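K.L.:
Take this structure, written in structure tokens, and hold onto it; I'll ask about it next.
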Amino acid sequence: MKILSLSVCLILITLSGSAQKQLSAKIDVDFRNADIVSIVTEIEKQAEVKFYLDPSQFDSVSFTVSGQRVEVTQVLDRIFANSDYKYAVYKSKYIIITKGRQIYTNHKSYSGDKQQSRNPNQGDSVQLASNDSKLYVIGIPGTASRGKSFTLAGYVRDEKTGEPIVGASVQINNPVRRVVTDDFGYYTIEVPSGRHVFRIESMGMDDRNINLAIYDDGKLDFELKGRVTTLKNVVISREKLNNIKSAQMGSQRIDFKTIRQVPVVLGESDVLKVITTLPGVKTVGEASTGLNVRGGSSDQNLLLFNDATIYNPSHFFGMFSAFNPEVVKDVVLYKSSMPARYGGRLSSVVDISGKEGNKKEYSGNGGLGLLTGRIMLEGPIVKDKSSFIVAGRTTYANWLIKELPKEYRNSKASFYDINLLLSHKINKNNDLYFTGYTSSDKFNLNSDTTYGYRNVNFSGKWKHIFSNKLNVVVTSGWDNYKYLVSSERNPVSAYKLKFDIRQSYLKAHFTRYINSGHTIDFGVNGIIYQMNPGTFEPANSGSVVEYDKLQSERGIESAIYVNDSWSIGSSTSVEAGVRYSMFNVMGPRNINSYAKGLPRSEENITGTNSYDRGKIIKSYGGPEYRLSLRQSISANSSIKLSYNTQRQYIHMLSNTAAMAPTDTWKLSDPNIKPQSGTQYSIGYYTNVKSNTIEISLESYYKQINDYLDYKSGAILTMNHNIETDVINTRGKAYGAELLIKKSTGKLNGWISYTWSRILLQQNDPVAGELINDGKEYPANYDKPHDFTIIANYRINHRVSFSLNSIYNTGRPITVPVGRFYYSNSFRTLYGPRNAHRIPDYFRMDLSMNVDGNHKLKQKIHSSWTFGVYNLTARKNPFSIYYVSENGVINGYKLSIFGTAILFISYNFRF
Amino acid sequence: MPARYILLILFFWQVNAVYSQPAEKILLQTDKQWYYPGETIWFAINVYNACGDTLEQLSNIAYVELTGADGKSVMQSKLKIEESQGKGSMTIDNLSSGSYYVVAYTSWMKNFGAATFARKPVYIVNPAKPGLMNTSNTAQEEQTAAGNAVRIETSKKQYGKREPVTINFSTGKPSRVSVSVYRTDNLEKGSDNIYMSHVADPCSVRKSSSLYILEKRGHILSGKVIDRRTQMPAAGILGYLSTIAYPDRLFVAVSDSTGTIRFDVGDIEGKTELVLQTDPSTPNNYTIEINSPFAENVSSVSQKATNDIFQANAEEIDEAMMSAQVQKIFARNDSLRQSRLPGKTYPFYGKPDAFYLMSEYVHFSTVEEILREYIFTVAVQKRAGKLHPIVIDLLTRKPFAQQPLILVNGVPIFDVERFMQMNTDEFHSIGIVAGRYFMGRNIFYGIIDVRLNTPLNEFGVNARVMDFQGTEMKADFLQPDYSNESSRLDRKPDFRSVLYWNPRIKTDNNGNGSVELYTSDLEGEYIAVVQAISADGKVTTNKSTIQVR
């Protein structure tokens, strides 16, 4: 181009000799990193020339040139050498600098430039044909004579990627012409003038039929769409396939939406109540939140709320769980293969995660039911960085108590719980979370005895991302549970009975991603327990009650663990983990020792050892293995196996099957061995109907060693030598669980059926009295058959109906087989332990949820729930008991909700 | 206005036309006569009542074409006629060198034959595509009272570069004036000729057909309804036409006994897409083929080209090419086209009975859910296993038995199943007309009007989509302002060879007026041509030259 323009200059120079002086003037230049405007301004001073240019095309471009007595064109040639800038000289005086495009001062050189001779009426933009309905037009209708042929050319491309398609066929039928695109996806075809249907075909693409009217030579690109064989509108989410793809078995995640849909007593949505509808999870009675998972007792469940251990998760005799549903994001239940990071309980982990507050704007939720009212507020503290949630719940339940059987009619009850959740994003690699929780209950049951208990928990969590492959979560916190039973009406016998347990913990959990096959989790846990098992004291100065205090207990539980999630190809994966846990019983404390080979009783105490503060009295410990394996059988079914061992160092002492406020806890010590368990399970998982229905069938066998049971007539409160009243039993549990779950569609819900047994045995005469002659006997929560239907039918997005249906076998009880006369009264003689059962349990609840309209912006979004609890009004017995009254033994059957209960609740969001 | 009334009016027009035979003729002006690649032909038309010889607007749309020596059109444009005047432009990109005509006519004029069209010769010089020319004009000129009829006075005779020029003119009586100032050379000699449709006087020509309708209120698209099986025209078929541009509009029409169908679509400006459909409830498959509104044969005159100008005028061509190249490369962003149409308009049915903005509601992923959940004037019924949306009549509070009209971006969707499966992510709003709506002889049992955030690009099987170029958008001839020092010193070259073009100047009551302009960087002799049309249609013209050094 430069040579060309120079020759142009020469032509011009020869044409107008008079101008030579100006352009050929010798100039001196010396520019260092000068911009174009200062260069041309300087040249204009020395020579009689005028420069035209667009300074915006020289943005941040600078030039360096120097020379003595050089011509203007020489300077320009030098500075524009190897650049995109070109210049033209007009009338030997005007110099026009352009970028990229050359200006020709001679029309012959203009016509020599190939660029100038494109097709007429063909701008830079080429028409794109991608619509079968559309008529594309090339040229002007009516301008072409009939029969004349034109050339059409262009690319065939993939609509999505824009990539050219090689070997695509471009064809017309009248007359038949067919060409194939070349290596660049380009085609050229000769077509007679007029209307044509172009058929474009390529492997794996949808055919196109493009209507084209052609009246001139032209260009047309075609776009083809990849052929998709879609399953109609089915979105296969990761979550849905999770039960098949993950090696984890026996785990269920339930989010807050599902929790809300399940109708429960009195319309209060309840986290733990929903858990009890899952297979393998049972409760003793209907108003109980004590869970029995796969034959485990209610103290064998680790209940975590944002990592804080909740010792008593119930309110109001267990009618409600102690979690405000407004703050719960989801809950995960692990019942067979427990991840290695959890430990310390034999049966299950119930991990409840709180919501993270809204970091954008303030909002709130709340609800008013027949018994409770709750409210939750959330919002940003610093926008997009930190947020808070504060929530509270309380009851106004006294009116309901008046409806209870008359012996409870003068009862009073109150409770509340408060949550505070904070989250703060320090930067993209660091997050901080804080959870504060307290729940408090107080009631008296038609007597002068007041029961109160309280949970207080704080936890802080720091999440740090080292890299995309390594992150850590460090959690620390303090948990406290205590109760107080007091009676003050009679000043002479006024007393207070207190219990409290405190634990402080620190956990660090690391996740290291190795490669697509391995992800390693590892970490350490440490818990310090401090417990006051009981204090009995006079409530006022006039009381004659004698002060008594059980010695306090201390212990340190620590664990270290590592787990590998290992995928072997896409069809097999393994979770292999080992956790080494250790428990140290700490001083100060006095420990009784008992004569070996004799039953433990106060008569057989051989001595008492006293340990000082900080002294390790006894260490227990050992490895726990967590192994599970998944093998896919097909794209949507798999088989899983798991083997788990667990150790538990803290035990609940309870003489009720349910959780009761007077239950106390006991740490392992030299006389109370830790419980240990082993579980084998196998499961088959399949998804049918395009992953909309999940089916799982699991079976397990579990052994429990050193399970605590009680001697007949055991005293559990204020017992200084509790080890003499408890016995270590061996338990075994086995069962099969079926879950059919449909989580999408108008009708959704699940059906679960569980067949399970839990049998205990005490056949060591040395350990204490034999129960049922050393034969196996069912635990008091053994319910072989359990069938649950949770169904939810949505008429539309505003109105839905939910139905619960629960059937299970009645739980075992020990019944009197005779009576004897002693001390002027008939006394009952009890038969073998847990040999009989109360009648089977059946209940059906129905509720209707009505949501407000779908407008996004309104002051308050309301919704209503109406329902009937215990629709069939069946009098399900909670327990059967026998009381000796006026010398006669009478049997009573206690039903908690012996009638259908209508309920209504109002929920709001703002 | 319902189509039936339009048809009625059209009928009267046609009856009327046979007797009184109103005829139009066009006076055509261009800014200059010789053009180079990249330059723009600026043109203007004035529409006359051919028999009264007075400015009078009958048609609303004018068609302008650029035809080559063979009489074939190379560029086409549509103009909106306002106050019996229209203006537009064509940028010639890479046409072959040769003699061309700018031809202007209305749809109505097509009834009188191509000889009545206005025609002005122009020359295109493209060194890349040389060709022979015929520089002796064969087109009819309007003989005008030249010379002293218009007095022109320029502020100076000689100007420097980027210097202001004032041109005062006086026509003697109130007139419409066009002013063009352009560079002259041996080729562009500065003609003051005005060209009118005078090969044949439309007033004396007997109307040869009544096929073409007077486009009094905008575009009338005519075409044929064709039976796809027999490829024969079909009579009495209801056709739907939707324009897919903002605002999108719907039109219905019925084919007559010859299968001809006409849609009176009014003003359409710029490029749009038309979607044509027939009622799918009729048993056969029909398509609608819309004819081009341009005349099939524009030029009854072919030109004999003999001259090779490239040898004789090499110097002039070099200079003109220079200026054309510079202007093309350093083009200022002055070709912004503006719409003449009002910005916001209501849908054809006016205000809907209910209107839902999707962003104000919870998102639902299926159409069924949206209709069931919060659109209470629509019921979703299941008929033969398929879901049908049915509008509930506000008057009777009962659902209609018939299907409603479903519009998506203004395009009727007849396949209800396809509608119910649409992706709702792109839904912007839904308007409901909850009552009978009459359009022509058609009754819609409620309207469901869905607007998308994105263009609709999947149409029904029977739909036919075509591009449609409406009237040109407003593009004024812009000129630089060198009133301040910095703009005069701007290093960007200004090689305009046309310094000024304005076909729409109005004089004061005494016939006086003036224009102001700036010279460019291009030296040479320039000519200022002033043409005036008085209120009674008389044309006068004069010219004056200035020098730029």
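Ordering of the structure tokens sets the chain letters (A, B, ...); residue numbers start at 1 within each chain; ligands are numbered from 1 in the order shown.
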Please check the contacts: residues of chain A at most 6 Å away from chain B, using only C-alpha atoms, listed as a PyMOL selection string.

P.N.:
chain A and resi 52-54+105-107+111+117+120+133-135+143+854-856

K.L.:
List every residue of stretch 70-254 of chain B that DSSP, applied to the backbone of this structure, assigns to strand (DSSP E or B), and report them as a ChimeraX atom specification.

P.N.:
/B:73-80,82,85-91,98-106,118-124,133,141-142,145,151-154,158-159,164-170,175-184,194-196,219-227,233,238-244,249-254

K.L.:
Within 12 Å of A:Ile381, counting only C-alpha atoms, which residues qualify if same-chain residues fewer than 2 places away don't, as a list in words?

P.N.:
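What passes the distance filter is Gly357, Asn358, Lys359, Lys360, Glu361, Tyr362, Glu378, Gly379, Lys383, Asp384, Lys385, Ser386, Ser387, Phe388, Ile389, Leu421, Leu422, Ser423, His424 and Lys425 of chain A.
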
K.L.:
Please save N, CA and C atoms of the selected residues as a PDB file, in the first residue's frame.

P.N.:
```
ATOM      1  N   GLY A 357     -29.074 -15.057  57.419  1.00  0.00           N
ATOM      2  CA  GLY A 357     -29.941 -13.878  57.281  1.00  0.00           C
ATOM      3  C   GLY A 357     -29.847 -13.241  55.916  1.00  0.00           C
ATOM      4  N   ASN A 358     -30.883 -12.497  55.606  1.00  0.00           N
ATOM      5  CA  ASN A 358     -30.935 -11.783  54.342  1.00  0.00           C
ATOM      6  C   ASN A 358     -29.913 -10.644  54.360  1.00  0.00           C
ATOM      7  N   LYS A 359     -28.989 -10.688  53.396  1.00  0.00           N
ATOM      8  CA  LYS A 359     -27.941  -9.666  53.389  1.00  0.00           C
ATOM      9  C   LYS A 359     -28.342  -8.430  52.579  1.00  0.00           C
ATOM     10  N   LYS A 360     -29.535  -8.465  51.993  1.00  0.00           N
ATOM     11  CA  LYS A 360     -29.934  -7.364  51.111  1.00  0.00           C
ATOM     12  C   LYS A 360     -30.956  -6.425  51.770  1.00  0.00           C
ATOM     13  N   GLU A 361     -31.971  -7.012  52.367  1.00  0.00           N
ATOM     14  CA  GLU A 361     -33.012  -6.141  52.896  1.00  0.00           C
ATOM     15  C   GLU A 361     -33.634  -6.756  54.146  1.00  0.00           C
ATOM     16  N   TYR A 362     -34.345  -5.917  54.875  1.00  0.00           N
ATOM     17  CA  TYR A 362     -34.983  -6.379  56.090  1.00  0.00           C
ATOM     18  C   TYR A 362     -36.266  -7.100  55.749  1.00  0.00           C
ATOM     19  N   GLU A 378     -35.113 -10.636  60.007  1.00  0.00           N
ATOM     20  CA  GLU A 378     -33.775 -10.807  59.447  1.00  0.00           C
ATOM     21  C   GLU A 378     -33.436  -9.591  58.617  1.00  0.00           C
ATOM     22  N   GLY A 379     -32.160  -9.410  58.413  1.00  0.00           N
ATOM     23  CA  GLY A 379     -31.761  -8.278  57.593  1.00  0.00           C
ATOM     24  C   GLY A 379     -30.268  -8.069  57.618  1.00  0.00           C
ATOM     25  N   LYS A 383     -24.703  -4.049  54.501  1.00  0.00           N
ATOM     26  CA  LYS A 383     -25.314  -4.613  53.302  1.00  0.00           C
ATOM     27  C   LYS A 383     -24.323  -5.470  52.517  1.00  0.00           C
ATOM     28  N   ASP A 384     -24.795  -6.623  52.075  1.00  0.00           N
ATOM     29  CA  ASP A 384     -24.016  -7.582  51.288  1.00  0.00           C
ATOM     30  C   ASP A 384     -22.829  -8.183  52.040  1.00  0.00           C
ATOM     31  N   LYS A 385     -22.685  -7.827  53.330  1.00  0.00           N
ATOM     32  CA  LYS A 385     -21.554  -8.368  54.074  1.00  0.00           C
ATOM     33  C   LYS A 385     -22.000  -9.165  55.290  1.00  0.00           C
ATOM     34  N   SER A 386     -22.843  -8.560  56.086  1.00  0.00           N
ATOM     35  CA  SER A 386     -23.232  -9.261  57.295  1.00  0.00           C
ATOM     36  C   SER A 386     -24.732  -9.161  57.508  1.00  0.00           C
ATOM     37  N   SER A 387     -25.248 -10.147  58.225  1.00  0.00           N
ATOM     38  CA  SER A 387     -26.695 -10.194  58.404  1.00  0.00           C
ATOM     39  C   SER A 387     -27.029 -10.757  59.768  1.00  0.00           C
ATOM     40  N   PHE A 388     -28.255 -10.578  60.153  1.00  0.00           N
ATOM     41  CA  PHE A 388     -28.709 -11.131  61.425  1.00  0.00           C
ATOM     42  C   PHE A 388     -30.060 -11.807  61.236  1.00  0.00           C
ATOM     43  N   ILE A 389     -30.326 -12.737  62.140  1.00  0.00           N
ATOM     44  CA  ILE A 389     -31.669 -13.278  62.283  1.00  0.00           C
ATOM     45  C   ILE A 389     -31.950 -13.281  63.769  1.00  0.00           C
ATOM     46  N   LEU A 421     -28.940 -15.415  65.133  1.00  0.00           N
ATOM     47  CA  LEU A 421     -27.965 -15.930  64.179  1.00  0.00           C
ATOM     48  C   LEU A 421     -27.335 -14.758  63.455  1.00  0.00           C
ATOM     49  N   LEU A 422     -26.021 -14.737  63.465  1.00  0.00           N
ATOM     50  CA  LEU A 422     -25.308 -13.669  62.778  1.00  0.00           C
ATOM     51  C   LEU A 422     -24.389 -14.299  61.751  1.00  0.00           C
ATOM     52  N   SER A 423     -24.234 -13.640  60.645  1.00  0.00           N
ATOM     53  CA  SER A 423     -23.229 -14.110  59.702  1.00  0.00           C
ATOM     54  C   SER A 423     -22.521 -12.897  59.147  1.00  0.00           C
ATOM     55  N   HIS A 424     -21.267 -13.083  58.871  1.00  0.00           N
ATOM     56  CA  HIS A 424     -20.466 -11.969  58.370  1.00  0.00           C
ATOM     57  C   HIS A 424     -19.466 -12.505  57.367  1.00  0.00           C
ATOM     58  N   LYS A 425     -19.450 -11.857  56.221  1.00  0.00           N
ATOM     59  CA  LYS A 425     -18.491 -12.240  55.189  1.00  0.00           C
ATOM     60  C   LYS A 425     -17.330 -11.262  55.284  1.00  0.00           C
TER      61      LYS A 425
END
```

K.L.:
Please identify all polymer residues within 12 Å of A:Leu871, counting only C-alpha atoms, omitting same-chain residues fewer than 2 positions from it, and present them as a list in words.

P.N.:
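Returned residues: Pro263, Val264, Val265, Leu803, Asn804, Ser805, Ile806, Phe842, Arg843, Met844, Asp845, Leu846, Ser847, Gly867, Val868, Tyr869, Ala873, Arg874, Lys875, Phe897, Gly898, Thr899, Ala900, Ile901, Leu902 and Phe903 of chain A.
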
K.L.:
Can I get the selected residues back with C-alpha atoms, as a PDB file, in the first residue's frame?

P.N.:
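This is the output file selection-v9.pdb:
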```
ATOM      1  CA  PRO A 263     -49.347 -31.216  59.044  1.00  0.00           C
ATOM      2  CA  VAL A 264     -48.654 -31.723  62.680  1.00  0.00           C
ATOM      3  CA  VAL A 265     -50.574 -31.320  65.818  1.00  0.00           C
ATOM      4  CA  LEU A 803     -52.663 -35.776  54.856  1.00  0.00           C
ATOM      5  CA  ASN A 804     -50.682 -37.735  57.427  1.00  0.00           C
ATOM      6  CA  SER A 805     -51.482 -41.254  58.203  1.00  0.00           C
ATOM      7  CA  ILE A 806     -49.573 -43.162  60.812  1.00  0.00           C
ATOM      8  CA  PHE A 842     -53.329 -45.186  64.353  1.00  0.00           C
ATOM      9  CA  ARG A 843     -53.832 -41.547  63.518  1.00  0.00           C
ATOM     10  CA  MET A 844     -54.765 -39.533  60.513  1.00  0.00           C
ATOM     11  CA  ASP A 845     -54.455 -35.757  60.200  1.00  0.00           C
ATOM     12  CA  LEU A 846     -55.634 -33.511  57.465  1.00  0.00           C
ATOM     13  CA  SER A 847     -54.758 -29.928  56.855  1.00  0.00           C
ATOM     14  CA  GLY A 867     -56.782 -28.731  59.854  1.00  0.00           C
ATOM     15  CA  VAL A 868     -57.934 -31.599  61.915  1.00  0.00           C
ATOM     16  CA  TYR A 869     -55.556 -33.534  64.086  1.00  0.00           C
ATOM     17  CA  ALA A 873     -60.870 -39.324  66.829  1.00  0.00           C
ATOM     18  CA  ARG A 874     -59.319 -42.609  67.797  1.00  0.00           C
ATOM     19  CA  LYS A 875     -58.391 -42.872  71.442  1.00  0.00           C
ATOM     20  CA  PHE A 897     -55.363 -36.665  72.271  1.00  0.00           C
ATOM     21  CA  GLY A 898     -58.348 -38.874  72.472  1.00  0.00           C
ATOM     22  CA  THR A 899     -60.471 -36.809  70.139  1.00  0.00           C
ATOM     23  CA  ALA A 900     -60.267 -34.963  66.861  1.00  0.00           C
ATOM     24  CA  ILE A 901     -58.731 -31.548  67.310  1.00  0.00           C
ATOM     25  CA  LEU A 902     -59.488 -28.727  64.927  1.00  0.00           C
ATOM     26  CA  PHE A 903     -56.777 -26.197  64.482  1.00  0.00           C
TER      27      PHE A 903
END
```

K.L.:
So the first atom is atom CA of B:Thr454 and the second is atom CA of B:Glu426; what is the distance between them in Å, to one decimal place?

P.N.:
6.5 Å

K.L.:
If we count only C-alpha atoms and set the cut-off at 9 Å, which residues sit around A:His651, ignoring sequence neighbours fewer than 2 positions away in its own chain? Please answer as number ranges by chain.

P.N.:
A: 299-300, 648-649, 653, 664-668, 674-675, 708

K.L.:
Keeping only all heavy atoms, write those residues as a JSON list (two decimals), in the first residue's frame.

P.N.:
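part-v1.json was written with the following content:
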```
[["chain", "number", "residue", "atom", "x", "y", "z"],
["A", 299, "ASP", "N", -31.51, -41.30, 73.92],
["A", 299, "ASP", "CA", -30.27, -40.57, 74.21],
["A", 299, "ASP", "C", -29.17, -40.90, 73.21],
["A", 299, "ASP", "O", -28.06, -40.39, 73.32],
["A", 299, "ASP", "CB", -29.79, -40.86, 75.63],
["A", 299, "ASP", "CG", -29.34, -42.29, 75.81],
["A", 299, "ASP", "OD1", -29.79, -43.17, 75.02],
["A", 299, "ASP", "OD2", -28.55, -42.56, 76.73],
["A", 300, "GLN", "N", -29.46, -41.76, 72.26],
["A", 300, "GLN", "CA", -28.41, -42.15, 71.32],
["A", 300, "GLN", "C", -28.43, -41.31, 70.04],
["A", 300, "GLN", "O", -27.88, -41.70, 69.03],
["A", 300, "GLN", "CB", -28.56, -43.64, 70.97],
["A", 300, "GLN", "CG", -28.17, -44.53, 72.15],
["A", 300, "GLN", "CD", -28.46, -45.99, 71.89],
["A", 300, "GLN", "OE1", -29.15, -46.33, 70.94],
["A", 300, "GLN", "NE2", -27.95, -46.85, 72.75],
["A", 648, "GLN", "N", -20.25, -44.32, 72.60],
["A", 648, "GLN", "CA", -20.99, -43.25, 73.27],
["A", 648, "GLN", "C", -20.59, -43.20, 74.74],
["A", 648, "GLN", "O", -20.64, -44.20, 75.43],
["A", 648, "GLN", "CB", -22.50, -43.49, 73.12],
["A", 648, "GLN", "CG", -23.32, -42.42, 73.80],
["A", 648, "GLN", "CD", -24.80, -42.48, 73.43],
["A", 648, "GLN", "OE1", -25.14, -43.11, 72.44],
["A", 648, "GLN", "NE2", -25.63, -41.86, 74.23],
["A", 649, "TYR", "N", -20.21, -42.03, 75.19],
["A", 649, "TYR", "CA", -19.66, -41.89, 76.54],
["A", 649, "TYR", "C", -20.60, -41.20, 77.50],
["A", 649, "TYR", "O", -20.26, -40.94, 78.63],
["A", 649, "TYR", "CB", -18.33, -41.12, 76.48],
["A", 649, "TYR", "CG", -17.33, -41.75, 75.55],
["A", 649, "TYR", "CD1", -17.13, -41.27, 74.27],
["A", 649, "TYR", "CD2", -16.60, -42.86, 75.96],
["A", 649, "TYR", "CE1", -16.22, -41.86, 73.41],
["A", 649, "TYR", "CE2", -15.69, -43.46, 75.11],
["A", 649, "TYR", "CZ", -15.49, -42.95, 73.84],
["A", 649, "TYR", "OH", -14.59, -43.55, 73.01],
["A", 653, "LEU", "N", -30.25, -41.05, 81.96],
["A", 653, "LEU", "CA", -30.92, -41.89, 82.95],
["A", 653, "LEU", "C", -32.38, -41.47, 82.95],
["A", 653, "LEU", "O", -32.72, -40.34, 83.28],
["A", 653, "LEU", "CB", -30.31, -41.67, 84.33],
["A", 653, "LEU", "CG", -28.81, -41.95, 84.42],
["A", 653, "LEU", "CD1", -28.30, -41.61, 85.81],
["A", 653, "LEU", "CD2", -28.51, -43.40, 84.09],
["A", 664, "THR", "N", -31.94, -37.25, 83.74],
["A", 664, "THR", "CA", -30.59, -36.73, 83.96],
["A", 664, "THR", "C", -29.62, -37.49, 83.08],
["A", 664, "THR", "O", -29.96, -38.51, 82.49],
["A", 664, "THR", "CB", -30.17, -36.88, 85.43],
["A", 664, "THR", "OG1", -30.15, -38.27, 85.73],
["A", 664, "THR", "CG2", -31.11, -36.13, 86.34],
["A", 665, "TRP", "N", -28.45, -36.91, 82.96],
["A", 665, "TRP", "CA", -27.43, -37.54, 82.13],
["A", 665, "TRP", "C", -26.30, -38.01, 83.02],
["A", 665, "TRP", "O", -26.09, -37.52, 84.12],
["A", 665, "TRP", "CB", -26.91, -36.55, 81.09],
["A", 665, "TRP", "CG", -27.97, -36.17, 80.09],
["A", 665, "TRP", "CD1", -28.98, -35.31, 80.29],
["A", 665, "TRP", "CD2", -28.10, -36.68, 78.77],
["A", 665, "TRP", "NE1", -29.76, -35.24, 79.16],
["A", 665, "TRP", "CE2", -29.22, -36.06, 78.21],
["A", 665, "TRP", "CE3", -27.37, -37.59, 77.99],
["A", 665, "TRP", "CZ2", -29.66, -36.33, 76.90],
["A", 665, "TRP", "CZ3", -27.78, -37.84, 76.70],
["A", 665, "TRP", "CH2", -28.93, -37.22, 76.15],
["A", 666, "LYS", "N", -25.58, -38.96, 82.50],
["A", 666, "LYS", "CA", -24.50, -39.57, 83.28],
["A", 666, "LYS", "C", -23.31, -39.79, 82.37],
["A", 666, "LYS", "O", -23.46, -40.30, 81.26],
["A", 666, "LYS", "CB", -25.02, -40.92, 83.83],
["A", 666, "LYS", "CG", -24.00, -41.75, 84.53],
["A", 666, "LYS", "CD", -23.92, -41.34, 86.00],
["A", 666, "LYS", "CE", -22.79, -42.05, 86.72],
["A", 666, "LYS", "NZ", -21.48, -41.40, 86.50],
["A", 667, "LEU", "N", -22.15, -39.34, 82.83],
["A", 667, "LEU", "CA", -20.95, -39.60, 82.04],
["A", 667, "LEU", "C", -20.41, -40.98, 82.38],
["A", 667, "LEU", "O", -20.61, -41.48, 83.50],
["A", 667, "LEU", "CB", -19.87, -38.55, 82.37],
["A", 667, "LEU", "CG", -20.18, -37.11, 81.98],
["A", 667, "LEU", "CD1", -19.08, -36.20, 82.50],
["A", 667, "LEU", "CD2", -20.31, -36.99, 80.48],
["A", 668, "SER", "N", -19.73, -41.57, 81.41],
["A", 668, "SER", "CA", -19.09, -42.85, 81.71],
["A", 668, "SER", "C", -18.04, -42.64, 82.79],
["A", 668, "SER", "O", -17.41, -41.58, 82.88],
["A", 668, "SER", "CB", -18.41, -43.39, 80.45],
["A", 668, "SER", "OG", -19.37, -43.86, 79.56],
["A", 674, "PRO", "N", -18.66, -47.17, 78.58],
["A", 674, "PRO", "CA", -19.27, -46.54, 77.42],
["A", 674, "PRO", "C", -20.07, -47.56, 76.62],
["A", 674, "PRO", "O", -19.76, -48.74, 76.64],
["A", 674, "PRO", "CB", -18.08, -46.05, 76.59],
["A", 674, "PRO", "CG", -16.88, -46.19, 77.45],
["A", 674, "PRO", "CD", -17.19, -47.18, 78.50],
["A", 675, "GLN", "N", -21.09, -47.05, 75.96],
["A", 675, "GLN", "CA", -21.84, -47.93, 75.07],
["A", 675, "GLN", "C", -21.12, -47.99, 73.74],
["A", 675, "GLN", "O", -20.49, -47.03, 73.32],
["A", 675, "GLN", "CB", -23.24, -47.37, 74.79],
["A", 675, "GLN", "CG", -24.05, -47.04, 76.01],
["A", 675, "GLN", "CD", -25.38, -46.41, 75.64],
["A", 675, "GLN", "OE1", -26.08, -46.92, 74.78],
["A", 675, "GLN", "NE2", -25.71, -45.31, 76.28],
["A", 708, "LEU", "N", -27.56, -49.28, 78.74],
["A", 708, "LEU", "CA", -27.99, -49.16, 80.13],
["A", 708, "LEU", "C", -29.46, -49.46, 80.29],
["A", 708, "LEU", "O", -30.30, -48.86, 79.66],
["A", 708, "LEU", "CB", -27.74, -47.73, 80.64],
["A", 708, "LEU", "CG", -26.32, -47.33, 81.04],
["A", 708, "LEU", "CD1", -26.37, -46.00, 81.79],
["A", 708, "LEU", "CD2", -25.67, -48.39, 81.91]]
```

K.L.:
Any idea what the distance is between atom CA of B:Lys32 and atom CA of B:Ala535?

P.N.:
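It comes out at 24.7 Å.
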
K.L.:
As a PyMOL selection string, please: the residues near stretch 415-419 of chain A (cut-off 8 Å, only C-alpha atoms, same-chain neighbours under 5 positions excluded).

P.N.:
chain A and resi 315-316+322-324+327+389-395+435-442

K.L.:
Hey, which of A:Leu278, A:Ile465, A:Ala791, A:Val817 ends up closest to A:Tyr753? Count only C-alpha atoms.

P.N.:
A:Leu278

K.L.:
Would you kindly return, as a list in words, each protein, DNA or RNA residue with an atom no farther than 10 Å from any atom of B:Tyr286, considering only C-alpha atoms and excluding same-chain residues fewer than 2 positions away?

P.N.:
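Once the adjacent positions are removed, what remains is Lys224, Val225, Ile226, Asp227, Arg228, Arg229, Thr230, Gln231, Met232, Pro233, Ala234, Ile237, Leu238, Gly239, Gln277, Thr278, Asp279, Pro280, Thr282, Pro283, Asn284, Ile288, Glu289, Asn462 and Ala463 of chain B.
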
K.L.:
What is the distance, in Å and to one decimal place, between atom CA of A:Glu603 and atom CA of A:Ser654?

P.N.:
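Between atom CA of A:Glu603 and atom CA of A:Ser654 the gap works out to 24.4 Å.
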
K.L.:
Taking the backbone alone, and naming residues the way the document does, which bits of stretch 337-549 of chain B are helix (DSSP H, G or I) by DSSP, as a PyMOL selection string?

P.N.:
chain B and resi 358-360+367-374+416-420+424-426+485-489
